[in-house]
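Engineer: Next comes the structure file query.cif, holding mmCIF, C-alpha atoms.
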```cif
data_work
#
loop_
_atom_site.label_atom_id
_atom_site.label_comp_id
_atom_site.auth_asym_id
_atom_site.auth_seq_id
_atom_site.Cartn_x
_atom_site.Cartn_y
_atom_site.Cartn_z
CA SER A 1 0.00 0.00 0.00
CA VAL A 2 2.79 2.37 0.90
CA LEU A 3 4.71 1.52 -2.28
CA SER A 4 1.59 2.00 -4.37
CA ARG A 5 0.98 5.43 -2.85
CA TYR A 6 4.63 6.35 -3.48
CA GLU A 7 4.43 5.27 -7.13
CA ASN A 8 1.25 7.30 -7.58
CA GLN A 9 2.97 10.30 -6.05
CA ILE A 10 5.90 9.98 -8.47
CA THR A 11 3.46 9.85 -11.41
CA ILE A 12 1.79 13.02 -10.15
CA LEU A 13 5.22 14.64 -9.74
CA SER A 14 6.21 13.97 -13.33
CA ASP A 15 2.93 15.41 -14.63
CA TYR A 16 3.21 18.38 -12.30
CA LEU A 17 6.69 19.40 -13.37
CA GLU A 18 6.15 19.18 -17.11
CA GLU A 19 5.13 22.81 -16.70
CA PHE A 20 8.67 23.81 -15.72
CA PRO A 21 11.27 24.44 -18.44
CA GLU A 22 14.52 22.51 -18.65
CA THR A 23 17.00 24.82 -16.95
CA ASP A 24 20.00 24.86 -14.65
CA GLU A 25 18.70 27.93 -12.86
CA PRO A 26 17.62 27.36 -9.25
CA VAL A 27 14.01 27.68 -8.15
CA TRP A 28 13.49 29.63 -4.92
CA ILE A 29 10.43 28.90 -2.77
CA LEU A 30 10.06 30.90 0.46
CA GLY A 31 13.74 30.86 1.37
CA ARG A 32 14.48 27.36 0.06
CA GLN A 33 16.50 26.63 -3.07
CA HIS A 34 15.57 23.75 -5.41
CA HIS A 35 17.22 22.45 -8.56
CA LEU A 36 14.96 21.09 -11.27
CA ASN A 37 17.68 18.76 -12.53
CA THR A 38 18.17 16.93 -9.22
CA ASP A 39 15.28 17.42 -6.79
CA LYS A 40 12.05 17.95 -8.70
CA SER A 41 10.12 15.84 -6.20
CA LYS A 42 11.29 17.99 -3.27
CA LEU A 43 10.20 21.09 -5.15
CA LEU A 44 6.69 19.71 -5.61
CA LEU A 45 6.38 18.62 -2.00
CA ASP A 46 7.52 22.04 -0.85
CA ILE A 47 4.93 23.82 -2.98
CA SER A 48 2.04 21.47 -2.15
CA ALA A 49 2.77 21.80 1.58
CA ARG A 50 1.75 25.46 1.54
CA LEU A 51 -1.82 26.01 2.66
CA TRP A 52 -3.91 27.00 -0.37
CA PHE A 53 -7.01 29.08 0.25
CA THR A 54 -9.42 29.67 -2.59
CA TYR A 55 -12.89 31.01 -3.20
CA ARG A 56 -15.52 28.98 -1.33
CA ARG A 57 -19.29 28.68 -1.67
CA LYS A 58 -22.18 27.60 0.56
CA PHE A 59 -20.75 28.97 3.82
CA SER A 60 -23.01 30.79 6.30
CA PRO A 61 -23.90 34.29 5.04
CA ILE A 62 -21.42 36.96 6.14
CA GLY A 63 -23.04 39.17 8.75
CA GLY A 64 -26.12 36.94 8.71
CA THR A 65 -27.57 38.38 5.51
CA GLY A 66 -24.50 38.93 3.34
CA PRO A 67 -22.89 36.77 0.65
CA SER A 68 -22.43 33.02 1.15
CA SER A 69 -19.58 32.88 -1.37
CA ASP A 70 -16.55 35.10 -1.93
CA ALA A 71 -16.17 34.19 -5.61
CA GLY A 72 -15.27 37.27 -7.62
CA TRP A 73 -14.21 39.50 -4.74
CA GLY A 74 -12.33 37.58 -2.03
CA CYS A 75 -9.08 36.73 -3.83
CA MET A 76 -6.85 39.20 -1.93
CA LEU A 77 -8.38 38.11 1.38
CA ARG A 78 -7.54 34.51 0.48
CA CYS A 79 -3.98 35.53 -0.39
CA GLY A 80 -3.70 37.26 2.98
CA GLN A 81 -4.91 34.05 4.62
CA MET A 82 -2.21 32.09 2.76
CA MET A 83 0.57 34.42 3.89
CA LEU A 84 -0.62 34.34 7.50
CA ALA A 85 -1.05 30.54 7.40
CA GLN A 86 2.56 30.21 6.25
CA ALA A 87 3.63 32.29 9.26
CA LEU A 88 1.65 30.00 11.59
CA ILE A 89 3.17 26.89 10.03
CA CYS A 90 6.65 28.33 10.59
CA ARG A 91 5.69 29.25 14.14
CA HIS A 92 4.28 25.86 15.19
CA LEU A 93 5.64 23.27 12.73
CA GLY A 94 8.78 24.83 11.26
CA ARG A 95 9.69 25.77 7.70
CA ASP A 96 10.82 22.21 6.88
CA TRP A 97 7.44 20.65 7.70
CA GLN A 98 5.94 18.81 4.75
CA TRP A 99 2.38 17.75 3.95
CA GLU A 100 1.52 14.45 2.30
CA LYS A 101 -1.90 13.32 1.21
CA HIS A 102 -3.58 10.89 3.68
CA LYS A 103 -0.69 11.20 6.13
CA LYS A 104 -1.63 11.86 9.76
CA GLN A 105 -0.67 15.41 10.75
CA PRO A 106 0.00 16.89 14.20
CA GLU A 107 -2.79 18.57 16.14
CA GLU A 108 -1.14 21.98 15.66
CA TYR A 109 -1.67 21.62 11.92
CA HIS A 110 -5.41 21.09 12.34
CA ARG A 111 -5.61 23.98 14.80
CA ILE A 112 -3.96 26.22 12.23
CA LEU A 113 -6.47 25.12 9.60
CA ARG A 114 -9.38 25.75 11.96
CA CYS A 115 -8.27 29.38 12.29
CA PHE A 116 -9.21 29.90 8.62
CA LEU A 117 -12.42 27.92 8.17
CA ASP A 118 -15.30 29.88 6.65
CA ARG A 119 -17.20 30.42 9.91
CA LYS A 120 -17.83 33.62 11.81
CA ASP A 121 -16.28 32.21 15.01
CA CYS A 122 -12.90 31.37 13.41
CA CYS A 123 -10.15 33.93 14.00
CA TYR A 124 -9.12 34.57 10.39
CA SER A 125 -12.21 33.43 8.48
CA ILE A 126 -13.50 35.21 5.41
CA HIS A 127 -16.30 36.45 7.70
CA GLN A 128 -13.93 38.09 10.18
CA MET A 129 -11.72 39.59 7.48
CA ALA A 130 -14.56 40.96 5.36
CA GLN A 131 -16.31 42.58 8.32
CA MET A 132 -13.12 44.00 9.80
CA GLY A 133 -12.45 45.47 6.35
CA VAL A 134 -15.52 47.68 6.79
CA GLY A 135 -13.47 49.69 9.28
CA GLU A 136 -10.84 50.12 6.56
CA GLY A 137 -13.42 51.63 4.20
CA LYS A 138 -14.17 48.43 2.28
CA SER A 139 -17.75 47.25 1.93
CA ILE A 140 -18.42 43.53 2.22
CA GLY A 141 -17.98 42.14 -1.28
CA GLU A 142 -15.57 44.88 -2.33
CA TRP A 143 -12.09 44.01 -3.57
CA PHE A 144 -9.19 44.61 -1.16
CA GLY A 145 -5.67 45.80 -1.90
CA PRO A 146 -2.50 44.40 -0.26
CA ASN A 147 -2.27 47.16 2.37
CA THR A 148 -5.92 46.80 3.42
CA VAL A 149 -5.49 43.05 3.97
CA ALA A 150 -2.37 43.74 6.03
CA GLN A 151 -4.25 46.20 8.25
CA VAL A 152 -7.11 43.73 8.74
CA LEU A 153 -4.73 40.92 9.76
CA LYS A 154 -3.01 43.28 12.18
CA LYS A 155 -6.30 44.00 13.95
CA LEU A 156 -7.59 40.43 13.99
CA ALA A 157 -4.31 39.15 15.45
CA LEU A 158 -5.04 41.15 18.61
CA PHE A 159 -7.79 38.63 19.42
CA ASP A 160 -5.66 35.56 18.81
CA GLU A 161 -4.01 34.38 22.04
CA TRP A 162 -2.94 30.95 20.84
CA ASN A 163 -0.70 32.16 18.03
CA SER A 164 0.26 35.34 19.90
CA LEU A 165 1.69 37.17 16.90
CA ALA A 166 2.99 40.71 16.81
CA VAL A 167 1.90 42.05 13.41
CA TYR A 168 3.85 45.06 12.17
CA VAL A 169 2.73 46.79 8.98
CA SER A 170 5.28 49.32 7.78
CA MET A 171 4.34 52.91 6.95
CA ASP A 172 5.74 55.10 4.18
CA ASN A 173 8.06 52.32 2.92
CA THR A 174 9.94 52.45 6.23
CA VAL A 175 10.62 49.65 8.72
CA VAL A 176 11.57 50.98 12.17
CA ILE A 177 13.69 48.54 14.21
CA GLU A 178 13.04 50.37 17.51
CA ASP A 179 9.25 50.16 17.08
CA ILE A 180 9.29 46.46 16.20
CA LYS A 181 11.38 45.56 19.24
CA LYS A 182 9.12 47.66 21.44
CA MET A 183 6.07 45.84 20.10
CA CYS A 184 7.53 42.32 20.26
CA TRP A 185 8.83 42.83 23.80
CA SER A 186 5.70 44.55 25.10
CA PRO A 187 4.59 43.03 28.44
CA ALA A 188 1.91 40.36 28.57
CA GLN A 189 -1.61 41.67 29.09
CA SER A 190 -3.64 41.02 32.20
CA SER A 191 -5.97 38.05 32.26
CA GLY A 192 -8.99 40.37 32.48
CA VAL A 193 -8.15 42.14 29.25
CA ALA A 194 -7.31 38.83 27.59
CA HIS A 195 -10.71 37.34 28.44
CA SER A 196 -12.32 38.19 25.11
CA SER A 197 -9.61 36.64 22.94
CA ALA A 198 -9.31 33.56 25.13
CA HIS A 199 -13.07 33.08 24.74
CA LEU A 200 -12.75 33.52 20.98
CA ASN A 201 -10.02 30.89 20.86
CA ARG A 202 -12.13 28.38 22.74
CA SER A 203 -14.94 28.74 20.23
CA ALA A 204 -12.77 29.04 17.13
CA LEU A 205 -9.95 26.64 17.89
CA GLY A 206 -11.29 24.20 20.44
CA PRO A 207 -10.29 23.78 24.10
CA ASN A 208 -6.70 24.37 25.09
CA LYS A 209 -5.25 24.71 28.56
CA ASN A 210 -2.17 26.66 27.51
CA THR A 211 -2.45 30.19 26.15
CA ALA A 212 0.90 31.12 24.65
CA GLY A 213 -0.08 34.79 24.50
CA LEU A 214 0.18 35.21 28.28
CA CYS A 215 3.84 34.15 28.44
CA PRO A 216 6.39 36.95 28.72
CA GLY A 217 9.13 37.26 26.11
CA TRP A 218 9.51 37.97 22.42
CA LYS A 219 6.25 37.66 20.51
CA PRO A 220 6.76 36.03 17.09
CA LEU A 221 6.80 38.74 14.44
CA LEU A 222 4.75 38.87 11.26
CA LEU A 223 6.28 41.74 9.30
CA ILE A 224 4.33 43.04 6.30
CA ILE A 225 5.79 45.74 4.05
CA PRO A 226 3.28 47.29 1.60
CA LEU A 227 5.10 48.82 -1.37
CA ARG A 228 4.49 50.69 -4.58
CA LEU A 229 7.23 49.61 -7.01
CA GLY A 230 6.29 51.90 -9.88
CA ILE A 231 3.42 53.95 -11.29
CA ASN A 232 1.59 51.83 -13.85
CA HIS A 233 4.17 49.05 -14.16
CA ILE A 234 6.88 47.72 -11.92
CA ASN A 235 10.12 49.68 -12.26
CA PRO A 236 12.86 47.28 -13.50
CA VAL A 237 15.31 48.75 -11.00
CA TYR A 238 13.42 46.92 -8.20
CA ILE A 239 13.40 43.45 -9.77
CA ASP A 240 16.64 42.08 -8.29
CA ALA A 241 15.79 43.31 -4.79
CA PHE A 242 12.26 41.91 -5.07
CA LYS A 243 13.61 38.50 -6.05
CA GLU A 244 16.17 38.65 -3.25
CA CYS A 245 13.34 38.74 -0.69
CA PHE A 246 12.21 35.23 -1.72
CA LYS A 247 15.70 33.92 -0.92
CA MET A 248 15.59 35.01 2.71
CA PRO A 249 14.90 32.23 5.24
CA HIS A 250 12.31 34.54 6.83
CA SER A 251 10.30 34.93 3.59
CA LEU A 252 6.51 34.60 3.60
CA GLY A 253 6.33 35.60 -0.06
CA ALA A 254 4.33 38.52 -1.39
CA LEU A 255 0.75 39.64 -1.96
CA GLY A 256 0.02 41.19 -5.33
CA GLY A 257 -1.01 40.31 -8.85
CA LYS A 258 -2.84 42.32 -11.45
CA PRO A 259 -5.65 44.90 -11.05
CA ASN A 260 -8.56 43.16 -9.25
CA ASN A 261 -6.76 39.82 -9.61
CA ALA A 262 -4.74 38.82 -6.54
CA TYR A 263 -2.13 36.06 -6.25
CA TYR A 264 0.07 34.75 -3.47
CA PHE A 265 3.65 34.77 -4.74
CA ILE A 266 5.87 32.13 -3.12
CA GLY A 267 9.04 32.16 -5.23
CA PHE A 268 10.66 32.62 -8.60
CA LEU A 269 12.53 30.95 -11.43
CA GLY A 270 14.65 33.31 -13.49
CA ASN A 271 12.46 36.29 -14.30
CA GLU A 272 9.21 34.46 -13.63
CA LEU A 273 7.32 34.55 -10.33
CA ILE A 274 5.73 31.37 -8.97
CA TYR A 275 2.37 31.82 -7.29
CA LEU A 276 -0.65 30.10 -5.76
CA ASP A 277 -3.90 31.18 -7.41
CA PRO A 278 -7.05 31.58 -5.26
CA HIS A 279 -9.37 31.80 -8.29
CA THR A 280 -10.91 28.35 -7.92
CA THR A 281 -14.32 28.02 -6.27
CA GLN A 282 -14.65 25.06 -3.89
CA SER A 283 -17.37 24.03 -1.46
CA PHE A 284 -17.26 25.06 2.19
CA VAL A 285 -15.41 22.62 4.46
CA ASP A 286 -16.06 22.42 8.21
CA SER A 287 -14.14 20.62 10.93
CA GLU A 288 -15.16 17.12 11.96
CA GLU A 289 -16.38 16.11 15.43
CA ASN A 290 -12.85 15.22 16.56
CA GLY A 291 -11.56 18.63 15.44
CA ALA A 292 -9.73 17.33 12.37
CA VAL A 293 -10.26 18.96 8.98
CA ASP A 294 -10.59 17.19 5.63
CA ASP A 295 -7.59 19.04 4.26
CA GLU A 296 -7.13 17.76 0.71
CA SER A 297 -8.77 20.83 -0.84
CA PHE A 298 -6.43 23.12 1.15
CA HIS A 299 -3.31 22.01 -0.75
CA CYS A 300 -2.69 22.81 -4.41
CA GLN A 301 -1.65 19.57 -6.14
CA GLN A 302 -1.57 20.97 -9.65
CA ALA A 303 1.20 22.71 -11.55
CA PRO A 304 2.01 26.07 -9.93
CA HIS A 305 1.32 29.13 -11.99
CA ARG A 306 4.06 31.41 -13.25
CA MET A 307 4.08 34.95 -14.60
CA LYS A 308 6.76 37.34 -15.80
CA ILE A 309 7.85 39.77 -13.12
CA MET A 310 7.37 42.70 -15.47
CA ASN A 311 3.64 41.85 -15.67
CA LEU A 312 3.25 42.34 -11.92
CA ASP A 313 1.10 45.21 -10.70
CA PRO A 314 3.40 47.64 -8.81
CA SER A 315 1.24 47.52 -5.66
CA VAL A 316 2.54 44.62 -3.54
CA ALA A 317 3.13 43.61 0.07
CA LEU A 318 6.14 41.62 1.21
CA GLY A 319 5.83 39.26 4.18
CA PHE A 320 8.45 37.98 6.63
CA PHE A 321 8.31 35.89 9.81
CA CYS A 322 10.75 36.13 12.71
CA LYS A 323 10.03 33.65 15.50
CA GLU A 324 12.84 34.87 17.78
CA GLU A 325 14.60 38.19 18.22
CA CYS A 326 17.77 36.69 16.72
CA ASP A 327 15.77 35.92 13.55
CA PHE A 328 14.76 39.56 13.29
CA ASP A 329 18.35 40.71 13.86
CA ASN A 330 19.45 38.34 11.11
CA TRP A 331 16.74 39.69 8.80
CA CYS A 332 17.94 43.25 9.40
CA SER A 333 21.51 42.22 8.53
CA LEU A 334 20.40 40.49 5.33
CA VAL A 335 18.33 43.49 4.27
CA GLN A 336 21.29 45.82 4.77
CA LYS A 337 23.66 43.52 2.90
CA GLU A 338 21.55 42.10 0.09
CA ILE A 339 18.94 44.78 -0.61
CA LEU A 340 19.79 48.27 0.67
CA LYS A 341 23.52 48.37 -0.09
CA GLN A 342 23.00 46.95 -3.57
CA GLN A 343 20.30 49.33 -4.74
CA SER A 344 20.57 52.86 -6.04
CA LEU A 345 16.77 53.22 -5.70
CA ARG A 346 15.65 51.38 -2.56
CA MET A 347 12.46 49.34 -2.33
CA PHE A 348 12.07 50.36 1.31
CA GLU A 349 14.05 51.90 4.16
CA LEU A 350 15.25 50.19 7.33
CA VAL A 351 15.96 52.65 10.16
CA GLN A 352 17.06 52.13 13.75
CA LYS A 353 15.13 54.92 15.48
CA HIS A 354 11.52 56.10 15.25
CA PRO A 355 11.41 59.15 12.94
CA PRO A 356 10.98 62.27 15.13
CA HIS A 357 8.38 63.82 12.81
CA TRP A 358 6.11 60.76 13.09
CA PRO A 359 3.45 60.41 15.81
CA PRO A 360 4.70 58.40 18.81
CA PHE A 361 4.61 54.64 18.33
CA ILE A 362 2.27 52.82 20.72
CA PRO A 363 2.06 49.02 20.36
CA PRO A 364 -1.53 48.03 19.48
CA THR A 365 -3.55 46.40 22.25
CA LYS A 366 -6.89 44.62 22.43
CA PRO A 367 -9.92 46.71 23.35
CA GLU A 368 -11.12 45.93 26.86
CA VAL A 369 -14.30 44.05 26.07
CA THR A 370 -16.16 41.09 27.53
CA THR A 371 -17.59 39.67 24.32
CA THR A 372 -15.85 37.56 21.70
CA GLY A 373 -14.10 39.05 18.71
CA ALA A 374 -16.67 37.34 16.48
CA GLU A 375 -19.55 39.05 18.28
CA LEU A 376 -17.68 42.35 18.28
CA ILE A 377 -17.67 42.66 14.53
CA GLU A 378 -21.00 41.04 13.79
CA SER A 379 -22.50 44.35 12.72
CA THR A 380 -21.03 47.45 11.16
CA ASP A 381 -22.29 49.56 14.04
CA LYS A 382 -20.23 47.60 16.54
CA LEU A 383 -17.36 47.55 14.07
CA PHE A 384 -17.14 51.34 14.16
CA GLU A 385 -17.31 51.29 17.96
CA LEU A 386 -14.27 49.01 17.82
CA GLU A 387 -12.51 51.44 15.49
CA GLU A 388 -13.11 54.29 17.95
CA GLU A 389 -11.62 52.23 20.79
CA PHE A 390 -8.52 51.60 18.72
CA GLU A 391 -8.16 55.32 18.09
CA ILE A 392 -8.55 56.13 21.80
CA LEU A 393 -5.93 53.54 22.74
CA SER A 394 -3.43 54.94 20.25
CA VAL A 395 -3.71 58.58 21.37
#
```
Starting from the file, give its structure as structure tokens.

Structural biologist:
Amino acid sequence: SVLSRYENQITILSDYLEEFPETDEPVWILGRQHHLNTDKSKLLLDISARLWFTYRRKFSPIGGTGPSSDAGWGCMLRCGQMMLAQALICRHLGRDWQWEKHKKQPEEYHRILRCFLDRKDCCYSIHQMAQMGVGEGKSIGEWFGPNTVAQVLKKLALFDEWNSLAVYVSMDNTVVIEDIKKMCWSPAQSSGVAHSSAHLNRSALGPNKNTAGLCPGWKPLLLIIPLRLGINHINPVYIDAFKECFKMPHSLGALGGKPNNAYYFIGFLGNELIYLDPHTTQSFVDSEENGAVDDESFHCQQAPHRMKIMNLDPSVALGFFCKEECDFDNWCSLVQKEILKQQSLRMFELVQKHPPHWPPFIPPTKPEVTTTGAELIESTDKLFELEEEFEILSV
């Protein structure tokens, strides 16, 4: 049985990789290098292990009366889910974790998947993201851009105690080291304030006695850098630096695509980007009674798509994950060496100190509420109340 499954897998691999050209150039996938001539099977396994979120249909209506499918408008939200899911895999399972069809996976894997199921009580569901987007000026059913998705993930992460991520979204093409360290080392919140997110986790993720978010220390960092790499088309001067980001061990890829057509970019081959495409409509999948998820539809087992870098829309968002402070220090060193020092026109700036002309940086905190995050954003009225609380806390 095992041999038969292995032979079937090899057959799929050969079909899968017919799409790639014969070349000696390396393929880079989220910080890992592959060679088509020697390890095609490893390349496929690496790509298919990424969580693939697509359009879904027949889920419960968003907001109770809204759409029950995100086909046609949710592609950037799905790409944001894919980037965040990759961060959670790195956080709990490690970058070298691989997925295989029908193979038993650890409980952490199923917990990660349950964060993204299409239900209003799941932390990063299409329901939560779409309704939180209302506070960013996006109506439910309206297309999001990379920066809007980043802002939504930043707010939703405040209610997620289990993963306990610090989400930093850069402003004005500038990453501030001082602000990131202040945010990642911010003290743990009191149990009273954490009540709402702990309650959300119990309903969204299942029971768990340990809440990682209450432990002191460095909070794992999800760093998102929204960029504009040109006016109507990407400026060729940025191409080498953009590709360099996929080589970094901290890489979570990039959000982008074409106007109103979002993709999740995970690597490159030569001057072609490799991406996962959310534009496939599948049926809603829920968790089973034991908490496991039928996960086959959450992994792309077809040939990955490729597009020429010059066809990329200039509005993108880079993603990076730093589990420990030493990872972030290493990322800063790589950026200085491989991106900033090599470029006459920089993609973004990396500065040590908070710019004096900027408003003071205050790490975001959860609003002090006694209801769940899901209930908080169930209506647009309450959503705007939440927005006001965020503004008060940041003054």

Engineer: To verify the selection step, state as a VMD selection string which residues the PyMOL selection byres ((chain A and resi 233) around 12) yields on this input.

Structural biologist: chain A and resid 228 to 232 234 to 239 257 to 259 309 to 316

Engineer: For Ser48 (chain A), which residue among A:Thr365, A:Gln151, A:Gln131, A:Gln301 is the nearest when counting only C-alpha atoms?

Structural biologist: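 Nearest to Ser48 (chain A): A:Gln301.
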
Engineer: So how far away is CA of Lys120 (chain A) from CA of Thr65 (chain A), in Å?

Structural biologist: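 It comes out at 12.5 Å.
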
Engineer: Between A:Met83, A:Val351, A:Ile126, A:Leu345, single out the one closest to Ile224 (chain A), counting all atoms listed in the file.

Structural biologist: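 Counting all atoms listed in the file, the residue closest to Ile224 (chain A) is A:Met83.
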
Engineer: Quick one: residues within 9 Å of Lys219 (chain A), only C-alpha atoms counted, chain neighbours fewer than 5 positions away excluded, as a list of chain:residue names?

Structural biologist: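 That gives A:Ser164, A:Leu165, A:Ala166, A:Met183, A:Cys184, A:Trp185, A:Ser186, A:Gly213, A:Lys323, A:Glu324, A:Glu325.
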
Engineer: If the PyMOL selection byres ((chain A and resi 256) around 12) is run on the structure shown, which residues does it catch, given as a PyMOL selection string?

Structural biologist: chain A and resi 75-80+83+144-150+225-229+234+253-255+257-266+273-278+307+309+311-319

Engineer: Counting only C-alpha atoms, which residues come within 12 Å of (19.6, 28.0, -10.2), with the point read in the file's coordinates, and could you list them as number ranges by chain?

Structural biologist: A: 22-29, 32-39, 247, 268-271

Engineer: Mind pulling up the distance from CA of Gly63 (chain A) to CA of Glu296 (chain A)?

Structural biologist: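 Rounded to one decimal, the two atoms are 27.9 Å apart.
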
Engineer: Would you compute the distance between CA of Cys90 (chain A) and CA of Arg57 (chain A)? Give it in Å to one decimal.

Structural biologist: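 About the pair CA of Cys90 (chain A) and CA of Arg57 (chain A): they are 28.7 Å apart.
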
Engineer: I'd like the neighbourhood of Arg56 (chain A) as an MDAnalysis selection string, where a residue qualifies if any of its atoms comes within 7 Å (using only C-alpha atoms), though same-chain residues fewer than 4 positions away should be ignored.

Structural biologist: chainID A and resid 69:71 281:284

Engineer: What's around Phe321 (chain A) at 9 Å? Count only C-alpha atoms, leave out sequence neighbours fewer than 2 positions away in its own chain, and write the answer as a PyMOL selection string.

Structural biologist: chain A and resi 86-87+90-91+220-224+249-252+319+323+327-328

Engineer: Select, from A:Val285, A:Met347, A:Val335, A:Val293, the residue with the minimum atom-to-atom distance to Lys104 (chain A), counting only C-alpha atoms.

Structural biologist: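 Checking each candidate against Lys104 (chain A), we get A:Val293 as the closest.
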
Engineer: Might you pull out every residue within 6 Å of Phe246 (chain A), with only C-alpha atoms counted and same-chain residues fewer than 2 positions away left off, and present them as a ChimeraX atom specification?

Structural biologist: /A:30-31,243-244,248,251,267

Engineer: Could you turn the residues from that selection into a file that holds C-alpha atoms, as a tab-separated table (two decimals), keeping the file's coordinate frame?

Structural biologist:
```tsv
chain	number	residue	atom	x	y	z
A	30	LEU	CA	10.06	30.90	0.46
A	31	GLY	CA	13.74	30.86	1.37
A	243	LYS	CA	13.61	38.50	-6.05
A	244	GLU	CA	16.17	38.65	-3.25
A	248	MET	CA	15.59	35.01	2.71
A	251	SER	CA	10.30	34.93	3.59
A	267	GLY	CA	9.04	32.16	-5.23
```

Engineer: Could you check which of A:Phe116, A:Phe298, A:Phe320, A:Tyr109 is closest to Met129 (chain A), using all atoms listed in the file?

Structural biologist: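 Closest candidate: A:Phe116.
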
Engineer: Calculated over all atoms listed in the file, which of the candidates A:Asn163, A:Thr54, A:Ser170, A:Gln105 has the smallest distance to His279 (chain A)?

Structural biologist: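 Using all atoms listed in the file, His279 (chain A) sits closest to A:Thr54.
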
Engineer: Rank A:Asp121, A:Arg50, A:Val167, A:Asp240 by their smallest atom-to-atom distance to Trp97 (chain A), using only C-alpha atoms, and report the top residue only.

Structural biologist: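 Counting only C-alpha atoms, the residue closest to Trp97 (chain A) is A:Arg50.
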